[in-house]
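Here's the structure we're looking at; comments come further down.
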Amino acid sequence: MMAETMKLEIFRYRPEKESEPTFQTYEVPFLEDWVVLDAINHIKDEIDGTLSYRWSCRMGVCGSCGMMINGVPKLSCAAFLKDYYPDKILVEPLTGFPVERDLVIVMDDFMTKLTDMQPYIIRKEGEEKPLEEGEYLQSPAELARFKQYSMCINCMLCYAACPVYALDSTFIGPAAIALGQRYNMDSRDQGRDARQELIASHNGIWECTFVGECSAVCPEHVDPAAAIQRAKVSSTVDWFKDVLIPWGKKK
Amino acid sequence: MAGIGGVEMAKSNEPIWWSLFSAGGMVAAMVFPILIIITGILVPFGLAGDDPLNFERIHSAVSHPLIKLTLFAVISLPLFHWAHRFRFTLVDVGLKSVSTLISILCYGGAIVGTIVSVVILWNI
């Protein structure tokens with residue numbers, strides 16, 4: 001009996017030779033334990049070495065191999081061929097981003113937003129503990145407040161799923177806000193004010209219309225939609241404090 | 001430091017609209033089902049006693065300040081809920097270029113509805 005095969009229709013764009021993207025169909029062996037990334041690696045190694053895509057860990061940790069698989073943003077290392085067999089699988093670059101080449105997107109926009117969010121522990125001037133005093137201790141309850149948001153692997157599937165980001169890329173977007181919120185809710189952090197100008201700006205949380213697709217596609221169950229809604233509540237409290245007790249404003 | 005790539009970002013007045021939107025959503029979710037059960041099911045099917053919509057009875061109930069306040073919240077807040085949701089719906093279907101006008105019409109509509117409901121409730 002012939003070995004079973006399966007077809008992958010893959011988005012191609014090679015800017016040096018074509019002005020418009022095209023699609024190319026490849027036939028790959030169908031193996032029960034193969035994921036889409038295995039099939040694409042097979043194409044790269046055995047069929048067509050010109051195909052470009054990002055990948056690294058093959059196990060849902062690095063966040064590099066996000067692609068649109070049949071129109072849904074997924075990590076290609078976590079999308080099993082057997083879930084689509086025997087139908088053809090359509091593979092495209094993450095939607096909402098410019099395409100660099102084939103399945104490789106330009107991620108500069110996300111990287112800028114991520115760094116501007118300052119997703120690291122910030123201590124107020126003069127409140128940094130000297131090293132010899134040891135670490136900042138945290139109770140399990142304090143850890144539980146933000147742990148979920150710290151699971152983000154920056155795979156950008158949430159941006160590809162977000163209709164608001166697709167319409168207007170000035171929106172800061174799910175992952176960056178969720179990571180800001182992750183540090184805001186960390187008992188060791190004092191940087192909320194520094195992040196708030198970005199989070200509470202018009203292009204921050206207020207662009208979000210709570211569609212919730214970011215949380216639906218997140219491979220790490222970060223739930224960015226919940227992070228954004230919680231940030232809306234706390235920013236609204238800030239706003240009313242500012243308006244009702246303007247003299248209570250910190251410098 | 002604020003802004004994306006060094007671009008300053010405007011401080012937002014969204015919290016006022018968003019808080020009215022959320023309050024309206026809360027009212028719609030918690031109170032509307034009860035009102036629908038009472039006015040849409042119990043009363044028309046005769047399960048709410050004899051002549052429940054008798055004018056004198058309803059009028060005296062609605063004249064009570066607490067009921068007026070409740071009615072005000074139940075009418076006004078969901079209008080703001082609608083305004084906010086409808087504004088974003090229109091922007092999302094591609095009318096971003098006229099978003100200021102949309103905001104004025106949506107929230108303006110909710111404010112007009114609120115004023116009308118105040119006037120009516122006041123005069124009962």
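Chain lettering (A, B, ...) mirrors the order of the structure tokens, residue numbering begins at 1 for each chain separately, and ligand numbering begins at 1 in order of display.
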
(Q) Excluding Asn13 in chain B and its own-chain neighbours fewer than 3 positions away, which residues fall within 9 Å of it when counting only C-alpha atoms? Please give them as a ChimeraX atom specification. (A) /A:201-202,239 /B:16-17

Q | Contact set, chain A to chain B: 7 Å, only C-alpha atoms, as a ChimeraX atom specification | A | /A:112-113,116,194,197-198,200-202,206,236,239

Can I get the selection written as a PDB file, in the first residue's frame, with N, CA, C and O atoms?
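Writing done, so here's again04.pdb:
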ATOM      1  N   THR A 112       8.519  47.099  19.406  1.00  0.00           N
ATOM      2  CA  THR A 112       8.524  48.472  19.922  1.00  0.00           C
ATOM      3  C   THR A 112       7.520  48.620  21.054  1.00  0.00           C
ATOM      4  O   THR A 112       7.822  49.180  22.116  1.00  0.00           O
ATOM      5  N   LYS A 113       6.310  48.088  20.837  1.00  0.00           N
ATOM      6  CA  LYS A 113       5.267  48.215  21.859  1.00  0.00           C
ATOM      7  C   LYS A 113       5.675  47.485  23.125  1.00  0.00           C
ATOM      8  O   LYS A 113       5.444  47.969  24.238  1.00  0.00           O
ATOM      9  N   ASP A 116       8.339  49.498  24.953  1.00  0.00           N
ATOM     10  CA  ASP A 116       7.775  50.716  25.519  1.00  0.00           C
ATOM     11  C   ASP A 116       6.911  50.443  26.747  1.00  0.00           C
ATOM     12  O   ASP A 116       6.703  51.319  27.584  1.00  0.00           O
ATOM     13  N   ALA A 194       4.501  54.529  35.675  1.00  0.00           N
ATOM     14  CA  ALA A 194       5.313  54.671  34.459  1.00  0.00           C
ATOM     15  C   ALA A 194       4.641  53.991  33.274  1.00  0.00           C
ATOM     16  O   ALA A 194       4.756  54.443  32.133  1.00  0.00           O
ATOM     17  N   GLU A 197       0.650  55.643  31.556  1.00  0.00           N
ATOM     18  CA  GLU A 197       0.446  56.593  30.456  1.00  0.00           C
ATOM     19  C   GLU A 197       0.215  55.865  29.137  1.00  0.00           C
ATOM     20  O   GLU A 197      -0.537  56.318  28.285  1.00  0.00           O
ATOM     21  N   LEU A 198       0.891  54.732  28.993  1.00  0.00           N
ATOM     22  CA  LEU A 198       0.725  53.933  27.781  1.00  0.00           C
ATOM     23  C   LEU A 198      -0.567  53.105  27.840  1.00  0.00           C
ATOM     24  O   LEU A 198      -1.376  53.112  26.920  1.00  0.00           O
ATOM     25  N   ALA A 200      -3.270  53.456  29.740  1.00  0.00           N
ATOM     26  CA  ALA A 200      -4.526  54.205  29.822  1.00  0.00           C
ATOM     27  C   ALA A 200      -4.690  55.207  28.685  1.00  0.00           C
ATOM     28  O   ALA A 200      -5.637  55.977  28.680  1.00  0.00           O
ATOM     29  N   SER A 201      -3.767  55.193  27.726  1.00  0.00           N
ATOM     30  CA  SER A 201      -3.893  56.116  26.600  1.00  0.00           C
ATOM     31  C   SER A 201      -5.032  55.654  25.695  1.00  0.00           C
ATOM     32  O   SER A 201      -5.534  54.538  25.822  1.00  0.00           O
ATOM     33  N   HIS A 202      -5.397  56.525  24.773  1.00  0.00           N
ATOM     34  CA  HIS A 202      -6.493  56.163  23.881  1.00  0.00           C
ATOM     35  C   HIS A 202      -6.166  54.906  23.070  1.00  0.00           C
ATOM     36  O   HIS A 202      -7.034  54.083  22.816  1.00  0.00           O
ATOM     37  N   TRP A 206      -8.323  51.396  25.779  1.00  0.00           N
ATOM     38  CA  TRP A 206      -9.641  51.901  25.355  1.00  0.00           C
ATOM     39  C   TRP A 206      -9.993  51.559  23.924  1.00  0.00           C
ATOM     40  O   TRP A 206     -11.142  51.704  23.500  1.00  0.00           O
ATOM     41  N   THR A 236     -10.158  53.339  35.234  1.00  0.00           N
ATOM     42  CA  THR A 236     -11.362  54.135  35.463  1.00  0.00           C
ATOM     43  C   THR A 236     -11.375  54.660  36.891  1.00  0.00           C
ATOM     44  O   THR A 236     -11.707  55.832  37.133  1.00  0.00           O
ATOM     45  N   TRP A 239      -9.100  57.534  36.994  1.00  0.00           N
ATOM     46  CA  TRP A 239      -9.673  58.691  36.318  1.00  0.00           C
ATOM     47  C   TRP A 239     -10.644  59.427  37.239  1.00  0.00           C
ATOM     48  O   TRP A 239     -10.594  60.646  37.365  1.00  0.00           O
TER      49      TRP A 239
END

**Q.** Shell of 8 Å around range 174-185 of chain A, only C-alpha atoms, local chain residues under 4 positions omitted, as number ranges by chain
**A.** A: 110, 113-114, 117-121, 145-147, 149-150, 152, 154, 156, 158-159, 162, 189-192, 195, 199, 204-205, 214, 222, 224-225, 227-228, 231

Q.
With only C-alpha atoms as the counted atoms, please give the residues lying no more than 8 Å from Val43 in chain B, apart from itself and same-chain residues fewer than 4 positions off, as a PyMOL selection string.
A. chain B and resi 38-39+47-48+52-53

**Q.** Shell around Met59 in chain A at 10 Å using only C-alpha atoms, local window under 4 positions removed, as number ranges by chain
**A.** A: 63, 65, 75-78

**Q.** d(CA of Gly60 in chain A, CA of Glu220 in chain A) in Å
**A.** 8.6 Å

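Scanning range 14-228 of chain A with DSSP on the backbone, the strand (DSSP E) assignments fall on Thr22, Phe23, Gln24, Thr25, Tyr26, Glu27, Val28, Pro29, Gly66, Met67, Met68, Ile69, Val72, Pro73, Lys74, Leu75, Ile89, Leu90, Val91, Glu92, Val99, Glu100, Arg101, Val104 and Ile105 of chain A.
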
Please produce a file of those selected residues containing C-alpha atoms, as a PDB file, in the first residue's frame.
ATOM      1  CA  THR A  22       1.145  33.522  -4.497  1.00  0.00           C
ATOM      2  CA  PHE A  23       0.199  30.129  -3.123  1.00  0.00           C
ATOM      3  CA  GLN A  24       2.143  26.934  -3.661  1.00  0.00           C
ATOM      4  CA  THR A  25       0.850  23.448  -2.908  1.00  0.00           C
ATOM      5  CA  TYR A  26       3.148  20.756  -1.552  1.00  0.00           C
ATOM      6  CA  GLU A  27       2.421  17.080  -0.982  1.00  0.00           C
ATOM      7  CA  VAL A  28       3.921  15.687   2.210  1.00  0.00           C
ATOM      8  CA  PRO A  29       3.777  12.280   3.927  1.00  0.00           C
ATOM      9  CA  GLY A  66       2.944  31.135  14.822  1.00  0.00           C
ATOM     10  CA  MET A  67       1.099  30.908  11.497  1.00  0.00           C
ATOM     11  CA  MET A  68      -2.436  31.108  10.183  1.00  0.00           C
ATOM     12  CA  ILE A  69      -3.524  27.507   9.795  1.00  0.00           C
ATOM     13  CA  VAL A  72      -6.783  30.409  12.574  1.00  0.00           C
ATOM     14  CA  PRO A  73      -3.688  31.740  14.362  1.00  0.00           C
ATOM     15  CA  LYS A  74      -1.861  28.738  15.821  1.00  0.00           C
ATOM     16  CA  LEU A  75       1.596  27.596  16.796  1.00  0.00           C
ATOM     17  CA  ILE A  89      -4.245  22.620   4.988  1.00  0.00           C
ATOM     18  CA  LEU A  90      -3.924  26.303   4.154  1.00  0.00           C
ATOM     19  CA  VAL A  91      -0.846  27.896   5.773  1.00  0.00           C
ATOM     20  CA  GLU A  92      -0.379  31.670   5.773  1.00  0.00           C
ATOM     21  CA  VAL A  99       5.044  40.089   5.417  1.00  0.00           C
ATOM     22  CA  GLU A 100       8.822  40.024   5.142  1.00  0.00           C
ATOM     23  CA  ARG A 101       9.000  36.849   3.062  1.00  0.00           C
ATOM     24  CA  VAL A 104       7.931  35.401   7.969  1.00  0.00           C
ATOM     25  CA  ILE A 105       6.212  38.513   9.294  1.00  0.00           C
TER      26      ILE A 105
END

Would you mind writing down, as a PDB file with C-alpha atoms, in the first residue's frame, each residue of range 6-117 of chain B that DSSP on the backbone assigns to alpha helix (DSSP H)?
ATOM      1  CA  GLU B  14     -12.785  57.078  27.735  1.00  0.00           C
ATOM      2  CA  PRO B  15     -13.205  56.099  31.415  1.00  0.00           C
ATOM      3  CA  ILE B  16     -16.352  58.210  31.744  1.00  0.00           C
ATOM      4  CA  TRP B  17     -18.009  56.544  28.731  1.00  0.00           C
ATOM      5  CA  TRP B  18     -16.683  53.138  29.594  1.00  0.00           C
ATOM      6  CA  SER B  19     -17.958  53.297  33.173  1.00  0.00           C
ATOM      7  CA  LEU B  20     -21.430  54.315  31.958  1.00  0.00           C
ATOM      8  CA  PHE B  21     -21.217  51.522  29.366  1.00  0.00           C
ATOM      9  CA  SER B  22     -20.320  48.952  32.011  1.00  0.00           C
ATOM     10  CA  ALA B  23     -22.974  50.175  34.407  1.00  0.00           C
ATOM     11  CA  GLY B  24     -25.517  49.956  31.577  1.00  0.00           C
ATOM     12  CA  GLY B  25     -24.387  46.440  30.720  1.00  0.00           C
ATOM     13  CA  MET B  26     -24.723  45.426  34.335  1.00  0.00           C
ATOM     14  CA  VAL B  27     -28.235  46.855  34.564  1.00  0.00           C
ATOM     15  CA  ALA B  28     -29.228  45.217  31.288  1.00  0.00           C
ATOM     16  CA  ALA B  29     -27.881  41.857  32.408  1.00  0.00           C
ATOM     17  CA  MET B  30     -29.257  41.887  35.954  1.00  0.00           C
ATOM     18  CA  PHE B  32     -33.830  43.407  32.228  1.00  0.00           C
ATOM     19  CA  PRO B  33     -34.482  39.669  32.560  1.00  0.00           C
ATOM     20  CA  ILE B  34     -36.586  40.333  35.659  1.00  0.00           C
ATOM     21  CA  LEU B  35     -38.526  43.099  33.919  1.00  0.00           C
ATOM     22  CA  PHE B  55     -53.674  52.587  36.200  1.00  0.00           C
ATOM     23  CA  GLU B  56     -54.065  53.717  39.809  1.00  0.00           C
ATOM     24  CA  ARG B  57     -51.824  50.965  41.073  1.00  0.00           C
ATOM     25  CA  ILE B  58     -49.036  51.520  38.498  1.00  0.00           C
ATOM     26  CA  HIS B  59     -49.293  55.293  38.848  1.00  0.00           C
ATOM     27  CA  SER B  60     -48.883  55.228  42.596  1.00  0.00           C
ATOM     28  CA  ALA B  61     -45.980  52.800  42.308  1.00  0.00           C
ATOM     29  CA  VAL B  62     -44.214  54.907  39.684  1.00  0.00           C
ATOM     30  CA  SER B  63     -44.778  58.044  41.768  1.00  0.00           C
ATOM     31  CA  PRO B  65     -39.131  58.348  44.454  1.00  0.00           C
ATOM     32  CA  LEU B  66     -37.318  55.012  44.793  1.00  0.00           C
ATOM     33  CA  ILE B  67     -39.165  53.534  41.815  1.00  0.00           C
ATOM     34  CA  LYS B  68     -38.456  56.707  39.845  1.00  0.00           C
ATOM     35  CA  LEU B  69     -34.782  56.388  40.640  1.00  0.00           C
ATOM     36  CA  THR B  70     -34.793  52.725  39.623  1.00  0.00           C
ATOM     37  CA  LEU B  71     -36.581  53.514  36.371  1.00  0.00           C
ATOM     38  CA  PHE B  72     -34.126  56.292  35.679  1.00  0.00           C
ATOM     39  CA  ALA B  73     -31.177  53.914  36.086  1.00  0.00           C
ATOM     40  CA  VAL B  74     -32.870  51.212  34.029  1.00  0.00           C
ATOM     41  CA  ILE B  75     -33.588  53.632  31.168  1.00  0.00           C
ATOM     42  CA  SER B  76     -30.534  55.888  31.148  1.00  0.00           C
ATOM     43  CA  LEU B  77     -27.619  53.521  31.770  1.00  0.00           C
ATOM     44  CA  PRO B  78     -28.519  51.004  29.031  1.00  0.00           C
ATOM     45  CA  LEU B  79     -28.782  53.963  26.613  1.00  0.00           C
ATOM     46  CA  PHE B  80     -25.124  54.695  27.333  1.00  0.00           C
ATOM     47  CA  HIS B  81     -24.392  51.010  26.947  1.00  0.00           C
ATOM     48  CA  TRP B  82     -25.985  51.105  23.518  1.00  0.00           C
ATOM     49  CA  ALA B  83     -24.199  54.354  22.588  1.00  0.00           C
ATOM     50  CA  HIS B  84     -20.754  52.991  23.413  1.00  0.00           C
ATOM     51  CA  ARG B  85     -21.297  49.637  21.710  1.00  0.00           C
ATOM     52  CA  PHE B  86     -22.900  51.170  18.632  1.00  0.00           C
ATOM     53  CA  ARG B  87     -20.117  53.769  18.347  1.00  0.00           C
ATOM     54  CA  PHE B  88     -17.461  51.036  18.263  1.00  0.00           C
ATOM     55  CA  THR B  89     -19.534  48.922  15.888  1.00  0.00           C
ATOM     56  CA  LEU B  90     -19.769  51.805  13.415  1.00  0.00           C
ATOM     57  CA  SER B  99     -15.523  58.796  14.523  1.00  0.00           C
ATOM     58  CA  THR B 100     -15.923  62.142  16.287  1.00  0.00           C
ATOM     59  CA  LEU B 101     -19.302  62.696  14.658  1.00  0.00           C
ATOM     60  CA  ILE B 102     -20.313  59.137  15.550  1.00  0.00           C
ATOM     61  CA  SER B 103     -19.338  59.698  19.186  1.00  0.00           C
ATOM     62  CA  ILE B 104     -21.329  62.924  19.307  1.00  0.00           C
ATOM     63  CA  LEU B 105     -24.423  61.295  17.786  1.00  0.00           C
ATOM     64  CA  CYS B 106     -24.255  58.145  19.937  1.00  0.00           C
ATOM     65  CA  TYR B 107     -23.478  59.702  23.307  1.00  0.00           C
ATOM     66  CA  GLY B 108     -25.606  62.726  22.381  1.00  0.00           C
ATOM     67  CA  GLY B 109     -28.529  60.361  21.770  1.00  0.00           C
ATOM     68  CA  ALA B 110     -28.003  58.732  25.127  1.00  0.00           C
ATOM     69  CA  ILE B 111     -27.806  62.133  26.847  1.00  0.00           C
ATOM     70  CA  VAL B 112     -31.013  63.300  25.123  1.00  0.00           C
ATOM     71  CA  GLY B 113     -32.728  60.048  26.153  1.00  0.00           C
ATOM     72  CA  THR B 114     -31.539  60.573  29.697  1.00  0.00           C
ATOM     73  CA  ILE B 115     -32.885  64.135  29.794  1.00  0.00           C
ATOM     74  CA  VAL B 116     -36.234  63.034  28.335  1.00  0.00           C
ATOM     75  CA  SER B 117     -36.542  60.269  30.913  1.00  0.00           C
TER      76      SER B 117
END

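Put simply, CA of Ala79 in chain A is 10.3 Å away from CA of Asp33 in chain A.
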
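Taking CA of Pro44 in chain B and CA of Leu121 in chain B as endpoints, the distance between them is 24.5 Å.
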
Q. Which of these, A:Pro21, A:Leu81, A:Tyr13, A:Cys62, has the shortest distance to Ala39 in chain A once you count only C-alpha atoms?
A.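 Of the candidates, the smallest distance to Ala39 in chain A is held by A:Leu81.
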